[in-house]
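As stored in query.tsv (TSV, C-alpha atoms):
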```tsv
chain	number	residue	atom	x	y	z
A	27	MET	CA	-80.44	81.62	110.15
A	28	SER	CA	-77.86	81.68	107.39
A	29	GLY	CA	-77.10	78.32	105.91
A	30	HIS	CA	-80.66	77.05	106.27
A	31	LYS	CA	-82.16	76.24	102.91
A	32	ILE	CA	-85.73	75.75	101.78
A	33	THR	CA	-86.42	72.22	100.62
A	34	GLY	CA	-88.92	73.32	97.98
A	35	ILE	CA	-92.27	75.04	98.44
A	36	HIS	CA	-94.96	76.06	96.01
A	37	ALA	CA	-96.66	79.25	97.11
A	38	ILE	CA	-98.42	82.26	95.61
A	39	GLY	CA	-98.19	80.69	92.19
A	40	VAL	CA	-94.39	80.72	92.33
A	41	GLU	CA	-92.17	77.69	92.48
A	42	ILE	CA	-89.45	78.55	94.96
A	43	PRO	CA	-86.15	76.99	93.87
A	44	LYS	CA	-84.82	74.23	96.05
A	45	GLY	CA	-81.90	75.51	98.08
A	46	MET	CA	-83.06	79.14	98.23
A	47	SER	CA	-82.38	80.47	101.70
A	48	PHE	CA	-85.20	81.76	103.89
A	49	LYS	CA	-83.52	85.18	103.91
A	50	GLU	CA	-83.34	85.26	100.10
A	51	LEU	CA	-87.02	84.33	99.87
A	52	MET	CA	-88.11	87.03	102.32
A	53	GLU	CA	-85.98	89.64	100.54
A	54	GLN	CA	-87.45	88.65	97.20
A	55	LEU	CA	-91.01	88.78	98.52
A	56	LEU	CA	-90.67	91.97	100.55
A	57	GLU	CA	-88.25	94.06	98.51
A	58	GLY	CA	-88.84	92.82	95.01
A	59	GLY	CA	-92.57	92.55	95.35
A	60	GLU	CA	-95.02	90.82	93.11
A	61	VAL	CA	-93.96	92.64	89.92
A	62	GLU	CA	-90.33	91.55	90.26
A	63	LEU	CA	-91.34	87.93	90.90
A	64	GLU	CA	-93.49	87.95	87.77
A	65	LYS	CA	-90.72	89.63	85.79
A	66	GLU	CA	-88.25	86.92	86.78
A	67	LEU	CA	-90.74	84.18	85.91
A	68	ASP	CA	-91.87	85.54	82.56
A	69	GLY	CA	-88.76	87.33	81.42
A	70	GLU	CA	-91.04	90.31	80.74
A	71	THR	CA	-91.47	93.57	82.53
A	72	ARG	CA	-95.03	94.20	83.65
A	73	LYS	CA	-96.29	97.60	84.63
A	74	PRO	CA	-98.69	97.67	87.53
A	75	GLU	CA	-102.20	98.61	86.51
A	76	PRO	CA	-103.68	101.77	88.02
A	77	GLN	CA	-105.68	100.88	91.11
A	78	SER	CA	-107.81	102.52	93.74
A	79	GLU	CA	-106.51	103.08	97.26
A	80	ALA	CA	-108.74	100.25	98.55
A	81	ASP	CA	-107.42	97.90	95.84
A	82	LYS	CA	-103.85	98.76	96.81
A	83	TRP	CA	-104.52	97.81	100.43
A	84	GLN	CA	-106.30	94.62	99.35
A	85	ARG	CA	-103.28	93.68	97.27
A	86	TYR	CA	-101.06	94.20	100.31
A	87	ALA	CA	-103.43	92.06	102.40
A	88	ASP	CA	-103.32	89.30	99.78
A	89	MET	CA	-99.51	89.35	99.68
A	90	LEU	CA	-99.34	89.24	103.48
A	91	GLY	CA	-101.63	86.21	103.42
A	92	ASP	CA	-99.25	84.54	100.97
A	93	LEU	CA	-96.26	85.47	103.10
A	94	PHE	CA	-97.93	84.03	106.18
A	95	ASP	CA	-98.67	80.79	104.30
A	96	VAL	CA	-95.04	80.45	103.20
A	97	ALA	CA	-93.74	81.17	106.71
A	98	HIS	CA	-96.21	78.68	108.17
A	99	GLN	CA	-95.08	75.98	105.73
A	100	ILE	CA	-91.44	76.65	106.63
A	101	GLY	CA	-92.32	76.50	110.33
A	102	TYR	CA	-94.14	73.20	109.88
A	103	ASP	CA	-91.21	71.75	107.94
A	104	ALA	CA	-88.78	72.96	110.63
A	105	TYR	CA	-90.99	71.40	113.33
A	106	MET	CA	-91.10	68.09	111.46
A	107	GLN	CA	-87.30	68.19	111.13
A	108	GLY	CA	-86.89	69.03	114.82
A	109	ASP	CA	-85.31	72.42	114.11
A	110	LEU	CA	-86.83	74.40	116.94
A	111	LYS	CA	-84.55	77.41	116.42
A	112	ILE	CA	-85.97	77.97	112.93
A	113	MET	CA	-89.49	77.24	114.14
A	114	ARG	CA	-89.22	79.93	116.84
A	115	LYS	CA	-87.95	82.45	114.28
A	116	VAL	CA	-90.81	81.59	111.92
A	117	LEU	CA	-93.30	82.12	114.74
A	118	GLN	CA	-91.87	85.62	115.15
A	119	VAL	CA	-92.22	86.24	111.40
A	120	GLU	CA	-95.83	85.03	111.53
A	121	SER	CA	-96.51	87.34	114.47
A	122	ASP	CA	-95.01	90.29	112.58
A	123	VAL	CA	-97.10	89.47	109.50
A	124	VAL	CA	-100.27	89.37	111.63
A	125	ASP	CA	-99.37	92.75	113.16
A	126	LEU	CA	-98.78	94.22	109.71
A	127	ALA	CA	-102.04	92.71	108.45
A	128	GLY	CA	-103.86	94.61	111.20
A	129	ILE	CA	-102.35	97.87	109.99
A	130	VAL	CA	-103.25	97.06	106.38
A	131	THR	CA	-106.82	96.21	107.38
A	132	THR	CA	-107.18	99.53	109.19
A	133	GLU	CA	-105.81	101.45	106.22
A	134	LYS	CA	-108.06	99.56	103.82
A	135	SER	CA	-111.08	100.45	105.97
A	136	ARG	CA	-110.13	104.13	105.82
A	137	ALA	CA	-109.67	103.97	102.04
A	138	VAL	CA	-113.10	102.40	101.53
A	139	LYS	CA	-114.86	105.14	103.54
```
Could you spell out this file's structure in structure tokens?
Amino acid sequence: MSGHKITGIHAIGVEIPKGMSFKELMEQLLEGGEVELEKELDGETRKPEPQSEADKWQRYADMLGDLFDVAHQIGYDAYMQGDLKIMRKVLQVESDVVDLAGIVTTEKSRAVK
């Protein structure tokens, strides 16, 4: 997948730079998390606000929804460009996100009880 670049996507309130690789995007979203993205955008460090266990799981669910949307957009773009190799990989990412969303939903249910 190296060498494939994003042509420009606007997602989760973040403008993703043209030419950023899919791998770089996923690393930034998964490893850096929301706080790091905001820090890079604002030039400020933000401290996460205290939150309940249920709020934490909801935040994870929201981020997974955003991740799924980005992957879906990349998959659609790859399909339109005829790049079936990338499209197949994106389908796997989407499947993994759905699996993870199931785990998050279960954990959120437990936290609410």
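One distance worth recording is that between atom CA of A:Met89 and atom CA of A:Met113, which is 21.4 Å.
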message = For a quick check of understanding, using only C-alpha atoms, which of A:Met46, A:Ala104, A:Leu126, A:Ile112 has the smallest distance to A:Tyr86?
response = A:Leu126
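Separating atom CA of A:Ala127 from atom CA of A:Val96 is a distance of 15.1 Å.
Going from atom CA of A:Ser121 to atom CA of A:Lys82 covers 22.3 Å.
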ask   = Taking (-93.8, 80.2, 109.3) in the file's coordinates as the center, which residues reach within 10 Å of it, counting all atoms listed in the file, put as a ChimeraX atom specification?
value = /A:93-104,112-121,123
